[in-house]
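Novice: One structure follows; several queries about it will come next.
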Amino acid sequence: MQRRDFIAGAGALTVLGSRGSAHTTKLPVYNMPEEFLPRQVRIRNSFAPYEVHVDPGQFALYWTLPEGRAIRYSVGIGRPGLYEAGEFYIGAKKEWPSWTPTPDMIRREPHRYAKFADGMPGGLGNPLGSRALYLFQPGRGDTFLRIHGTNEPDTIGRRVSNGCARLVNDQMMDLYGRVPMDTRVVLHPVATLPA
């Protein structure tokens, strides 16, 4: 994916609203820079509507719409070596999901993850945040990759995660409400910059 595939819209889109939930956790208010706010954009590429596309070079997630439009969300993505490009589908959706680090995460950073080997219940302190979309592939099943919320707004626009894409919690709640099960998701490759 090239940067020219997407053209930014004129301004921030009012996409966030009050969404009901059985969970009573109150979300903090994030003071996000304007460039990190969701906005409707025109897209040059002919992506089908109602798909998720992650462009790691722009730290952007696009929810495609009809007539060459999309909603652009700012994301944090996987650290070098952990981001996995490919085509996926939404195989599960969870509100306030519990979280268990993968064996690879525990092996890479035992000092950080071993204490959570038995899992962590959902809530604001949970690394998956308010909502999670679980990425599956045919024949492979759950890839353990997620598009999820975070209560760490300073991680947006950075390569910080263990392979997942993250949005601040309120923006993730908005995206979650738009994306149905079995939606196609494309994590585009990280572009190699010329020397």
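Numbering starts fresh at 1 for the residues of each chain in the structure tokens, the chains themselves are lettered A, B, ... in the order given, and ligands are numbered from 1 as they appear.
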Run DSSP on the backbone and give me the residues of region 52-145 of chain A it puts in alpha helix (DSSP H), as a ChimeraX atom specification.
Specialist: /A:103-108,110-113
Novice: Neighbouring residues of Glu87 (chain A) were defined as those with any atom within 12 Å, considering only C-alpha atoms; residues of the same chain fewer than 6 positions away were excluded. Please report them as a short mmCIF file (atom, residue, chain, number, x, y, z; two decimals) with N, CA, C and O atoms, in the first residue's frame.
Specialist:
data_model
loop_
_atom_site.label_atom_id
_atom_site.label_comp_id
_atom_site.auth_asym_id
_atom_site.auth_seq_id
_atom_site.Cartn_x
_atom_site.Cartn_y
_atom_site.Cartn_z
N GLU A 51 -14.63 -3.32 4.86
CA GLU A 51 -13.46 -4.09 5.19
C GLU A 51 -12.57 -3.26 6.11
O GLU A 51 -12.69 -2.04 6.16
N VAL A 52 -11.65 -3.93 6.79
CA VAL A 52 -10.65 -3.26 7.62
C VAL A 52 -9.31 -3.40 6.93
O VAL A 52 -8.91 -4.50 6.54
N HIS A 53 -8.61 -2.27 6.75
CA HIS A 53 -7.27 -2.26 6.17
C HIS A 53 -6.35 -1.50 7.13
O HIS A 53 -6.66 -0.37 7.52
N VAL A 54 -5.23 -2.12 7.51
CA VAL A 54 -4.24 -1.46 8.37
C VAL A 54 -3.03 -1.13 7.52
O VAL A 54 -2.43 -2.01 6.90
N LEU A 135 -8.48 -11.88 15.15
CA LEU A 135 -8.16 -12.16 13.76
C LEU A 135 -7.89 -13.66 13.55
O LEU A 135 -7.03 -14.24 14.22
N PHE A 136 -8.63 -14.23 12.61
CA PHE A 136 -8.53 -15.64 12.27
C PHE A 136 -8.11 -15.77 10.81
O PHE A 136 -8.25 -14.82 10.03
N GLN A 137 -7.61 -16.96 10.46
CA GLN A 137 -7.32 -17.30 9.06
C GLN A 137 -7.86 -18.70 8.79
O GLN A 137 -7.82 -19.57 9.67
N PRO A 138 -8.35 -18.91 7.56
CA PRO A 138 -8.83 -20.25 7.20
C PRO A 138 -7.71 -21.28 7.37
O PRO A 138 -6.57 -21.04 7.01
N ARG A 140 -6.07 -22.08 9.83
CA ARG A 140 -5.19 -21.77 10.97
C ARG A 140 -5.99 -21.46 12.22
O ARG A 140 -5.55 -21.70 13.33
N THR A 143 -5.30 -16.56 15.17
CA THR A 143 -3.88 -16.23 14.96
C THR A 143 -3.25 -15.60 16.20
O THR A 143 -2.05 -15.35 16.20
N LEU A 145 -3.64 -12.66 16.93
CA LEU A 145 -3.53 -11.24 16.60
C LEU A 145 -4.88 -10.59 16.89
O LEU A 145 -5.93 -11.21 16.67
N ASP A 182 -16.88 -12.05 10.70
CA ASP A 182 -16.45 -12.53 9.38
C ASP A 182 -15.99 -11.42 8.44
O ASP A 182 -15.73 -11.67 7.27
N THR A 183 -15.84 -10.19 8.94
CA THR A 183 -15.32 -9.10 8.12
C THR A 183 -13.90 -9.41 7.67
O THR A 183 -13.08 -9.90 8.44
N ARG A 184 -13.61 -9.08 6.42
CA ARG A 184 -12.25 -9.23 5.88
C ARG A 184 -11.36 -8.15 6.47
O ARG A 184 -11.73 -6.97 6.54
N VAL A 185 -10.15 -8.56 6.90
CA VAL A 185 -9.16 -7.65 7.47
C VAL A 185 -7.86 -7.87 6.72
O VAL A 185 -7.41 -9.01 6.55
N VAL A 186 -7.23 -6.79 6.27
CA VAL A 186 -5.93 -6.88 5.60
C VAL A 186 -4.93 -6.06 6.40
O VAL A 186 -5.11 -4.85 6.60
N LEU A 187 -3.90 -6.73 6.90
CA LEU A 187 -2.77 -6.05 7.51
C LEU A 187 -1.71 -5.94 6.42
O LEU A 187 -1.07 -6.92 6.05
N HIS A 188 -1.58 -4.74 5.87
CA HIS A 188 -0.67 -4.52 4.74
C HIS A 188 0.78 -4.59 5.22
O HIS A 188 1.08 -4.30 6.37
N PRO A 189 1.70 -4.97 4.33
CA PRO A 189 3.11 -5.07 4.72
C PRO A 189 3.69 -3.72 5.11
O PRO A 189 3.25 -2.68 4.64
#
Novice: Here is a test: counting only C-alpha atoms, which residue of A:Pro38, A:Pro121, A:Pro28, A:Gly141 is nearest to Leu175 (chain A)?
Specialist: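 The answer is A:Pro38, which sits nearest to Leu175 (chain A).
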Novice: Do you know which residues are at most 9 Å from His148 (chain A) counting only C-alpha atoms, after dropping those on the same chain fewer than 3 positions away, and could you put them as number ranges by chain?
Specialist: A: 127-134, 164-169, 172, 176
Novice: Given the selection you just returned, output its residues as a file containing N, CA, C and O atoms, formatted as a compact mmCIF listing (two decimals), in the first residue's frame.
Specialist:
# COMPACT_ATOMS: atom_id res chain seq x y z
N PRO A 127 -4.55 -5.22 28.89
CA PRO A 127 -3.92 -4.76 27.65
C PRO A 127 -4.83 -4.76 26.42
O PRO A 127 -4.53 -4.06 25.45
N LEU A 128 -5.93 -5.53 26.43
CA LEU A 128 -6.84 -5.52 25.29
C LEU A 128 -7.88 -4.41 25.38
O LEU A 128 -8.64 -4.20 24.44
N GLY A 129 -7.94 -3.72 26.50
CA GLY A 129 -8.81 -2.56 26.61
C GLY A 129 -10.29 -2.88 26.58
O GLY A 129 -10.73 -3.94 27.00
N SER A 130 -11.06 -1.94 26.04
CA SER A 130 -12.52 -1.98 26.10
C SER A 130 -13.15 -2.99 25.15
O SER A 130 -14.23 -3.51 25.42
N ARG A 131 -12.52 -3.26 24.02
CA ARG A 131 -13.08 -4.14 23.00
C ARG A 131 -11.93 -4.80 22.25
O ARG A 131 -10.84 -4.24 22.14
N ALA A 132 -12.22 -5.98 21.68
CA ALA A 132 -11.21 -6.65 20.85
C ALA A 132 -11.89 -7.38 19.70
O ALA A 132 -12.95 -7.98 19.86
N LEU A 133 -11.25 -7.29 18.54
CA LEU A 133 -11.63 -8.04 17.35
C LEU A 133 -10.52 -9.08 17.15
O LEU A 133 -9.34 -8.72 17.06
N TYR A 134 -10.90 -10.34 17.09
CA TYR A 134 -9.95 -11.45 17.03
C TYR A 134 -9.74 -11.86 15.58
O TYR A 134 -10.70 -12.16 14.87
N CYS A 164 -0.21 -6.83 17.37
CA CYS A 164 -1.59 -6.39 17.20
C CYS A 164 -1.66 -4.91 16.78
O CYS A 164 -0.67 -4.21 16.81
N ALA A 165 -2.86 -4.49 16.42
CA ALA A 165 -3.12 -3.07 16.16
C ALA A 165 -3.99 -2.56 17.30
O ALA A 165 -4.95 -3.22 17.69
N ARG A 166 -3.65 -1.39 17.84
CA ARG A 166 -4.39 -0.86 18.99
C ARG A 166 -4.89 0.55 18.72
O ARG A 166 -4.23 1.34 18.06
N LEU A 167 -6.08 0.83 19.23
CA LEU A 167 -6.71 2.14 19.17
C LEU A 167 -7.03 2.55 20.60
O LEU A 167 -7.20 1.69 21.47
N VAL A 168 -7.14 3.85 20.88
CA VAL A 168 -7.58 4.24 22.21
C VAL A 168 -8.99 3.68 22.41
O VAL A 168 -9.75 3.46 21.46
N ASN A 169 -9.34 3.42 23.67
CA ASN A 169 -10.56 2.68 23.99
C ASN A 169 -11.84 3.24 23.37
O ASN A 169 -12.65 2.48 22.85
N MET A 172 -11.89 2.51 19.74
CA MET A 172 -12.07 1.07 19.53
C MET A 172 -13.53 0.68 19.71
O MET A 172 -14.05 -0.16 18.97
N TYR A 176 -15.63 -1.15 16.86
CA TYR A 176 -16.24 -2.43 17.23
C TYR A 176 -17.72 -2.47 16.84
O TYR A 176 -18.21 -3.48 16.34
Novice: Just asking: which residues within region 4-154 of chain A are strand (DSSP E) according to DSSP, as a PyMOL selection string?
Specialist: chain A and resi 6-7+39-43+52-55+60-65+69-74+77-78+86-95+131-137+141-150
Novice: Name all residues at most 7 Å from Met181 (chain A) (count only C-alpha atoms; drop same-chain ones fewer than 2 positions away) and give them as a list in words.
Specialist: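 Once the nearby chain positions are removed, what remains is Ile90, Gly91, Ala92, Val179 and Thr183 of chain A.
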Novice: Once you have the residues from the selection above, write them out as a PDB file, in the first residue's frame, restricted to all heavy atoms.
Specialist:
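File result-v1.pdb, as written:
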ATOM      1  N   ILE A  90     -12.581 -11.551  10.887  1.00  0.00           N
ATOM      2  CA  ILE A  90     -12.975 -11.420  12.294  1.00  0.00           C
ATOM      3  C   ILE A  90     -13.658 -12.719  12.707  1.00  0.00           C
ATOM      4  O   ILE A  90     -14.757 -13.031  12.249  1.00  0.00           O
ATOM      5  CB  ILE A  90     -13.919 -10.218  12.521  1.00  0.00           C
ATOM      6  CG1 ILE A  90     -13.278  -8.912  12.042  1.00  0.00           C
ATOM      7  CG2 ILE A  90     -14.333 -10.132  13.990  1.00  0.00           C
ATOM      8  CD1 ILE A  90     -12.010  -8.512  12.741  1.00  0.00           C
ATOM      9  N   GLY A  91     -13.000 -13.485  13.576  1.00  0.00           N
ATOM     10  CA  GLY A  91     -13.522 -14.768  14.034  1.00  0.00           C
ATOM     11  C   GLY A  91     -14.174 -14.706  15.395  1.00  0.00           C
ATOM     12  O   GLY A  91     -14.870 -15.633  15.793  1.00  0.00           O
ATOM     13  N   ALA A  92     -13.965 -13.606  16.115  1.00  0.00           N
ATOM     14  CA  ALA A  92     -14.598 -13.409  17.423  1.00  0.00           C
ATOM     15  C   ALA A  92     -14.545 -11.926  17.755  1.00  0.00           C
ATOM     16  O   ALA A  92     -13.669 -11.205  17.274  1.00  0.00           O
ATOM     17  CB  ALA A  92     -13.896 -14.220  18.513  1.00  0.00           C
ATOM     18  N   VAL A 179     -18.029  -3.071  12.901  1.00  0.00           N
ATOM     19  CA  VAL A 179     -17.425  -4.222  12.228  1.00  0.00           C
ATOM     20  C   VAL A 179     -18.125  -5.521  12.632  1.00  0.00           C
ATOM     21  O   VAL A 179     -18.041  -5.934  13.786  1.00  0.00           O
ATOM     22  CB  VAL A 179     -15.916  -4.316  12.559  1.00  0.00           C
ATOM     23  CG1 VAL A 179     -15.279  -5.539  11.934  1.00  0.00           C
ATOM     24  CG2 VAL A 179     -15.199  -3.048  12.112  1.00  0.00           C
ATOM     25  N   THR A 183     -15.841 -10.194   8.940  1.00  0.00           N
ATOM     26  CA  THR A 183     -15.321  -9.100   8.116  1.00  0.00           C
ATOM     27  C   THR A 183     -13.897  -9.405   7.667  1.00  0.00           C
ATOM     28  O   THR A 183     -13.078  -9.899   8.439  1.00  0.00           O
ATOM     29  CB  THR A 183     -15.338  -7.785   8.922  1.00  0.00           C
ATOM     30  OG1 THR A 183     -16.688  -7.431   9.190  1.00  0.00           O
ATOM     31  CG2 THR A 183     -14.654  -6.649   8.183  1.00  0.00           C
TER      32      THR A 183
END
Novice: Write out as a ChimeraX atom specification which residues come within 7 Å of Phe59 (chain A) when counting only C-alpha atoms, dropping same-chain ones fewer than 4 positions away.
Specialist: /A:55,74-77,157
